[in-house]
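Participant: Handing you this structure, nothing more for now.
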Amino acid sequence: MASKIVTKKILLDDGREITLETGKLARQAHGSIVLRCGKTMLLATVVSAKEAREGADFLPLSVDYQEKFAAVGRIPGGFLKREGKLSDNEVLVCRLIDRAIRPLFPSDYHCDTQVMISLVSGDEKESHPDVLAALAVSAALIISDIPFTEPISEVRVGRVDGQHIINPTPAQLEESDFEITVAATRDNILMLEGEMKEISEEEMMEAMKVAHEEVKKHCAAQLEMAEELGVVKREHAAPKEDEALKATLREALYDKFYEVTKQCIADKHLRSATFDQVKKDYVEALPEDHEVDMNLLSRYVNKLKKEAVRNYVLDERKRLDGRALDEIRQINSEVDFLPSAHGSALFTRGETQSLTSVTLGTKMDSKMIDGAIISGYDKFYLHYNFPGFSTGEVKPNRGASRREIGHGNLAHRALKGMLPEDMPYTVRVVSDILESNGSSSMATVCAGTLGLMDAGIQMKAPVSGIAMGLISDPETGRYAVLSDILGDEDHLGDMDFKVTGTENGMTACQMDIKVDGLSYEVLSEALAQARRGREHILGEMKKAIAEPRQDLKPHAPRFFVINIPKDMIGAVIGPGGKIIQEIQAESDTTITIEEDDNQGIVSIFGQNAEAIEKAKARVNAIVAVPEVGEVYDAKVKSIMPYGAFVEFMPGKEGLLHVSEIKWERVEDVSKVLEEGEEIKVKLLDVDSRTGKFKLSRKALLPKPQGQGQPRK
């Protein structure tokens with residue numbers, strides 16, 4: 001890369017400025033960009049091998065985004081005190097970038113390529129670095145010699161008080177009724193992801209158009225930078241081709257693949273085996289001394305199969321499994337499937353199945369988020385697991401993959417807006433995919449909704465999800481929008497569009513487009529068809545459970561909330577947490593205390609009502625205000641020559657003066673009272689200046705006859 005320093009500036013509508021600079025940092029990388037926006041700085045570097053990986057028929061691309069803790073003046077937690085493996089949030093940013101840039105590399109470019117992005121300076125109050133990262137990466141690729149020629153960018157769109165905002169600040173995002181991230185080139189939308197508060201399809205389309213107009217400005221700045229640098233893209237060796245073999249295979253196999261497609265085999269594995277048999281029969285018929293390149297043969301056969309399936313769908317307006325274009329596979333839903341879980345559901349749609357559990361916990365179970373930019377606690381989290389057996393494969397279990405993290409995040413975003421704001425529980429949803437053939441993430445959304453309602457979580461509205469696909473032919477203008485796509489249709493198609501929502505509107509979406517020139521009209525049609533599909537799926541789900549249960553399961557934890565004066569929080573906690581720990585141990589409950597404005601909020605969690613009542617009584621006793629004239633059960637805490645100190649309410653002690661122990665004169669207090677003795681006392685007064693309590697025992701004793709009469 002040239003060492004000439006070149007800078008380009010992009011002005012946002014609100015006056016903020018994005019600066020792209022190259023030639024100063026990381027000069028041995030094939031492309032490097034420093035992006036600045038306010039105090040936020042990102043360093044993006046790209047490096048690509050000069051030779052293709054031997055035998056590769058794909059792009060070996062890796063994308064890693066990492067937020068340095070020093071960027072915001074923090075030291076990492078944990079034992080090692082250094083940045084470790086990527087957090088879930090960093091993985092999600094990697095996916096946003098990867099999904100946007102991968103389709104734009106030449107289809108025959110198979111060189112190992114590494115993209116690295118570091119947040120070196122951050123400002124958690126003014127900007128989110130995630131959407132800026134894709135712009136930095138694209139600029140680094142455009143100014144490099146790597147054959148990436150079409151710039152892209154990503155922007156986030158929010159809406160506050162009806163006004164669209166590009167790359168809203170964290171504070172603005174809190175007020176926004178949707179958050180949509182759009183990746184695009186100058187001409188086409190590439191990728192879409194976001195969450196919404198039940199907005200309409202028309203509102204989402206409008207936001208996409210606003211985002212695309214902003215992206216065009218970002219792309220223009222990148223091309224100007226490349227022109228100023230005089231960038232020349234490297235030549236790369238195209239894969240070997242054999243036109244004669246290609247023609248021979250088309251003549252021999254295309255019609256056979258088309259005939260297999262026409263059989264509309266519903267079973268995934270049988271259909272795959274039938275297609276494979278076409279290739280197997282051809283290979284077995286080859287003479288033993290053939291010189292056919294088997295790698296080329298496999299590549300051409302796969303392309304022929306894809307072409308035959310796509311043409312069949314466009315010709316016959318039918319699907320691989322015989323369904324109509326907008327037909328949803330059979331749906332079966334069950335709730336309360338796991339007897340010991342707090343909520344559970346089994347959702348099956350065709351050959352895709354999710355077994356989902358819901359667990360209710362306390363504030364102590366909330367997930368701690370410790371990132372450079374994002375930190376805090378999350379009371380609702382969703383985990384998605386995709387084991388190998390779900391597709392009949394052998395796959396080692398090495399923890400959550402990037403795909404699992406991404407699918408879980410989509411389902412999490414789809415559901416979280418429909419949870420009650422005053423939910424006292426920490427809620428964990430776990431979706432285990434037991435079978436998969438098409439959009440297990442949308443099955444997770446449906447099963448998650450059913451499980452939450454089964455657990456008694458009072459959702460604002462149930463949520464369903466659907467995956468849409470597209471097969472198009474640019475030459476003829478024909479296209480087919482597919483509802484509830486199969487795994488094969490995802491692989492062979494031009495679009496994967498996942499949409500979730502309630503009866504009132506959309507709550508989340510994720511879209512990847514694999515072709516150029518997809519019009520807004522086609523997208524609008526896909527959204528309308530998706531809405532009809534979502535409504536159908538919701539209707540099927542309601543056959544299992546139509547609304548949240550009015551009560552929790554008998555074995556689910558219960559809770560009770562007590563509001564106490566702010567100045568009483570310390571009394572409930574006690575010195576070193578002694579009092580609250582004692583209450584929890586005695587009542588077998590979990591108690592959390594939070595400050596809110598001028599009061600303390602005490603949340604008591606227990607496995608049964610008896611335990612909660614016991615803890616509640618202790619807390620109420622501590623915060624209760626003593627009333628003058630009331631009689632209390634008290635315990636003698638210590639004996640003094642001038643009286644005894646007694647505890648008449650939890651945490652409240654007062655002096656029982658020697659003159660108030662009994663009517664008769666007391667010469668030695670220890671001869672009347674002893675430590676630990678339980679007695680009754682009456683509160684006579686509270687000193688307004690010192691707050692000390694004046695107690696009396698003798699006021700509750702019969703007054704001796706003649707007591708107080710003058711002597712004769």
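By order in the structure tokens, chains are A, B, ...; within a chain, residues start at 1; ligands start at 1, following the order shown.
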Using DSSP on the backbone coordinates, identify the residues of stretch 155-274 of chain A assigned to strand (DSSP E); present them as a JSON list (two decimals) with C-alpha atoms, in the first residue's frame.

Facilitator:
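Ended up saving to states_22.json:
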[["chain", "number", "residue", "atom", "x", "y", "z"],
["A", 155, "VAL", "CA", -25.58, 2.78, 8.57],
["A", 156, "ARG", "CA", -28.04, 2.46, 11.40],
["A", 157, "VAL", "CA", -31.37, 4.26, 11.11],
["A", 158, "GLY", "CA", -33.51, 5.26, 14.07],
["A", 159, "ARG", "CA", -36.63, 7.37, 14.36],
["A", 160, "VAL", "CA", -37.39, 9.85, 17.13],
["A", 163, "GLN", "CA", -37.77, 12.02, 12.26],
["A", 164, "HIS", "CA", -35.26, 9.57, 10.81],
["A", 165, "ILE", "CA", -31.76, 9.74, 12.31],
["A", 166, "ILE", "CA", -28.63, 8.28, 10.70],
["A", 178, "PHE", "CA", -36.85, 1.09, 15.71],
["A", 179, "GLU", "CA", -33.19, 0.32, 15.07],
["A", 180, "ILE", "CA", -32.36, -0.87, 11.55],
["A", 181, "THR", "CA", -28.84, -1.50, 10.22],
["A", 182, "VAL", "CA", -28.57, -1.43, 6.42],
["A", 183, "ALA", "CA", -25.56, -2.44, 4.31],
["A", 184, "ALA", "CA", -25.53, -1.46, 0.65],
["A", 189, "ILE", "CA", -29.20, -3.20, -0.68],
["A", 190, "LEU", "CA", -27.05, -6.10, 0.52],
["A", 191, "MET", "CA", -27.98, -6.78, 4.09],
["A", 192, "LEU", "CA", -30.50, -5.69, 6.68],
["A", 193, "GLU", "CA", -30.82, -6.34, 10.38],
["A", 194, "GLY", "CA", -32.78, -4.68, 13.15],
["A", 195, "GLU", "CA", -35.41, -4.61, 15.85],
["A", 196, "MET", "CA", -38.61, -2.63, 15.99],
["A", 197, "LYS", "CA", -41.51, -1.74, 18.25],
["A", 198, "GLU", "CA", -44.25, -3.28, 16.12],
["A", 199, "ILE", "CA", -43.79, -1.03, 13.08]]

Participant: Work out how far atom CA of A:Pro129 is from atom CA of A:Ala70, in Å to one decimal.

Facilitator: 14.8 Å

Participant: List as a list of chain:residue names the protein and nucleic acid residues near A:Leu486, meaning an atom at most 9 Å away when only C-alpha atoms are counted, but skip any in the same chain fewer than 3 places from it.

Facilitator: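 In the requested form, the answer reads A:Lys268, A:Leu320, A:Asp321, A:Glu351, A:Asn437, A:Gly438, A:Ser439, A:Ala467, A:Gly469, A:Glu489, A:Asp490, A:His491.
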
Participant: Counting only C-alpha atoms, what are the residues of stretch 226-343 of chain A within 8 Å of stretch 106-113 of chain A, and for each of them which pair of atoms is the nearest and at what distance in Å, to one decimal? Sort the table by chain and rising number, as CSV.

Facilitator:
residue,atom,partner,partner_atom,distance
A:His236,CA,A:Tyr109,CA,7.1
A:Ala238,CA,A:Asp108,CA,5.9
A:Pro239,CA,A:Asp108,CA,6.3

Participant: Please, could you write that set of residues out with N, CA and C atoms as a PDB file, in the first residue's frame?

Facilitator:
ATOM      1  N   HIS A 236      -5.672 -12.059 -10.632  1.00  0.00           N
ATOM      2  CA  HIS A 236      -5.729 -13.339  -9.930  1.00  0.00           C
ATOM      3  C   HIS A 236      -6.091 -14.436 -10.922  1.00  0.00           C
ATOM      4  N   ALA A 238      -7.798 -17.239 -12.640  1.00  0.00           N
ATOM      5  CA  ALA A 238      -9.159 -17.781 -12.663  1.00  0.00           C
ATOM      6  C   ALA A 238      -9.097 -19.301 -12.560  1.00  0.00           C
ATOM      7  N   PRO A 239     -10.092 -19.912 -11.936  1.00  0.00           N
ATOM      8  CA  PRO A 239     -10.106 -21.375 -11.841  1.00  0.00           C
ATOM      9  C   PRO A 239     -10.098 -22.018 -13.221  1.00  0.00           C
TER      10      PRO A 239
END

Participant: Here is a test: counting only C-alpha atoms, which residue of A:Ala244, A:Val430, A:Leu470, A:Ala139 is nearest to A:Val292?

Facilitator: A:Ala244

Participant: Can you pull out every residue within 12 Å of A:Val463, counting only C-alpha atoms, but drop anything in the same chain fewer than 5 positions away, and send it as a PyMOL selection string?

Facilitator: chain A and resi 197-198+411-419+442-453+499-508+531+534-539+541-542+546-547

Participant: So which residues touch stretch 653-656 of chain A within 12 Å, counting only C-alpha atoms, skipping near sequence neighbours fewer than 2 positions away, as JSON, numbers by chain?

Facilitator: {"A": [622, 626, 632, 633, 634, 635, 636, 637, 638, 639, 640, 641, 642, 643, 644, 645, 646, 647, 648, 649, 650, 651, 658, 659, 660, 661, 662, 669, 673, 679, 680, 681, 682, 683, 684, 685, 686, 687, 690, 691, 692, 693, 694, 695, 696, 697, 698, 699]}

Participant: Please list as a ChimeraX atom specification every residue within 6 Å of A:Ala134, counting only C-alpha atoms and excluding residues in the same chain fewer than 6 positions away.

Facilitator: /A:97,153-154

Participant: Could you pull the residues within 7 Å of stretch 368-384 of chain A, counting only C-alpha atoms, minus those fewer than 2 positions along the same chain, as a JSON list (two decimals) with N, CA and C atoms, in the first residue's frame?

Facilitator:
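Once everything was written out, this is part-v2.json:
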[["chain", "number", "residue", "atom", "x", "y", "z"],
["A", 67, "GLU", "N", -12.83, -4.72, 20.43],
["A", 67, "GLU", "CA", -12.85, -3.44, 21.12],
["A", 67, "GLU", "C", -11.79, -3.46, 22.23],
["A", 68, "LYS", "N", -10.80, -2.59, 22.11],
["A", 68, "LYS", "CA", -9.75, -2.50, 23.12],
["A", 68, "LYS", "C", -10.28, -1.75, 24.34],
["A", 69, "PHE", "N", -10.07, -2.32, 25.52],
["A", 69, "PHE", "CA", -10.56, -1.67, 26.74],
["A", 69, "PHE", "C", -9.87, -0.33, 26.96],
["A", 72, "VAL", "N", -11.43, 3.14, 25.94],
["A", 72, "VAL", "CA", -12.34, 3.95, 26.77],
["A", 72, "VAL", "C", -11.78, 4.12, 28.18],
["A", 124, "GLU", "N", -18.57, 5.99, 24.39],
["A", 124, "GLU", "CA", -19.83, 5.28, 24.56],
["A", 124, "GLU", "C", -21.05, 6.19, 24.63],
["A", 366, "SER", "N", -28.86, -12.37, 36.71],
["A", 366, "SER", "CA", -28.75, -11.57, 35.50],
["A", 366, "SER", "C", -27.35, -11.71, 34.90],
["A", 386, "PHE", "N", -27.25, -25.51, 18.26],
["A", 386, "PHE", "CA", -27.49, -26.20, 16.99],
["A", 386, "PHE", "C", -26.53, -27.40, 16.91],
["A", 404, "GLU", "N", -24.47, -19.67, 15.75],
["A", 404, "GLU", "CA", -25.37, -19.86, 16.88],
["A", 404, "GLU", "C", -25.57, -18.56, 17.65],
["A", 407, "HIS", "N", -27.89, -16.35, 15.41],
["A", 407, "HIS", "CA", -29.29, -16.78, 15.39],
["A", 407, "HIS", "C", -29.95, -16.53, 16.75],
["A", 408, "GLY", "N", -29.21, -16.76, 17.82],
["A", 408, "GLY", "CA", -29.77, -16.50, 19.15],
["A", 408, "GLY", "C", -30.05, -15.03, 19.36],
["A", 412, "HIS", "N", -33.57, -13.24, 20.25],
["A", 412, "HIS", "CA", -33.60, -12.39, 21.45],
["A", 412, "HIS", "C", -34.20, -11.03, 21.13],
["A", 426, "THR", "N", -35.23, -12.44, 36.36],
["A", 426, "THR", "CA", -34.28, -12.68, 35.29],
["A", 426, "THR", "C", -34.80, -13.88, 34.52],
["A", 427, "VAL", "N", -34.85, -13.78, 33.19],
["A", 427, "VAL", "CA", -35.43, -14.83, 32.36],
["A", 427, "VAL", "C", -34.37, -15.36, 31.40],
["A", 428, "ARG", "N", -34.17, -16.66, 31.42],
["A", 428, "ARG", "CA", -33.27, -17.31, 30.46],
["A", 428, "ARG", "C", -34.09, -18.24, 29.58],
["A", 429, "VAL", "N", -33.98, -18.05, 28.27],
["A", 429, "VAL", "CA", -34.62, -18.91, 27.29],
["A", 429, "VAL", "C", -33.53, -19.70, 26.57],
["A", 430, "VAL", "N", -33.70, -21.01, 26.48],
["A", 430, "VAL", "CA", -32.74, -21.86, 25.77],
["A", 430, "VAL", "C", -33.48, -22.64, 24.69],
["A", 431, "SER", "N", -33.03, -22.46, 23.45],
["A", 431, "SER", "CA", -33.60, -23.19, 22.32],
["A", 431, "SER", "C", -32.61, -24.24, 21.86],
["A", 432, "ASP", "N", -32.99, -25.50, 21.98],
["A", 432, "ASP", "CA", -32.18, -26.60, 21.47],
["A", 432, "ASP", "C", -32.82, -27.09, 20.18]]
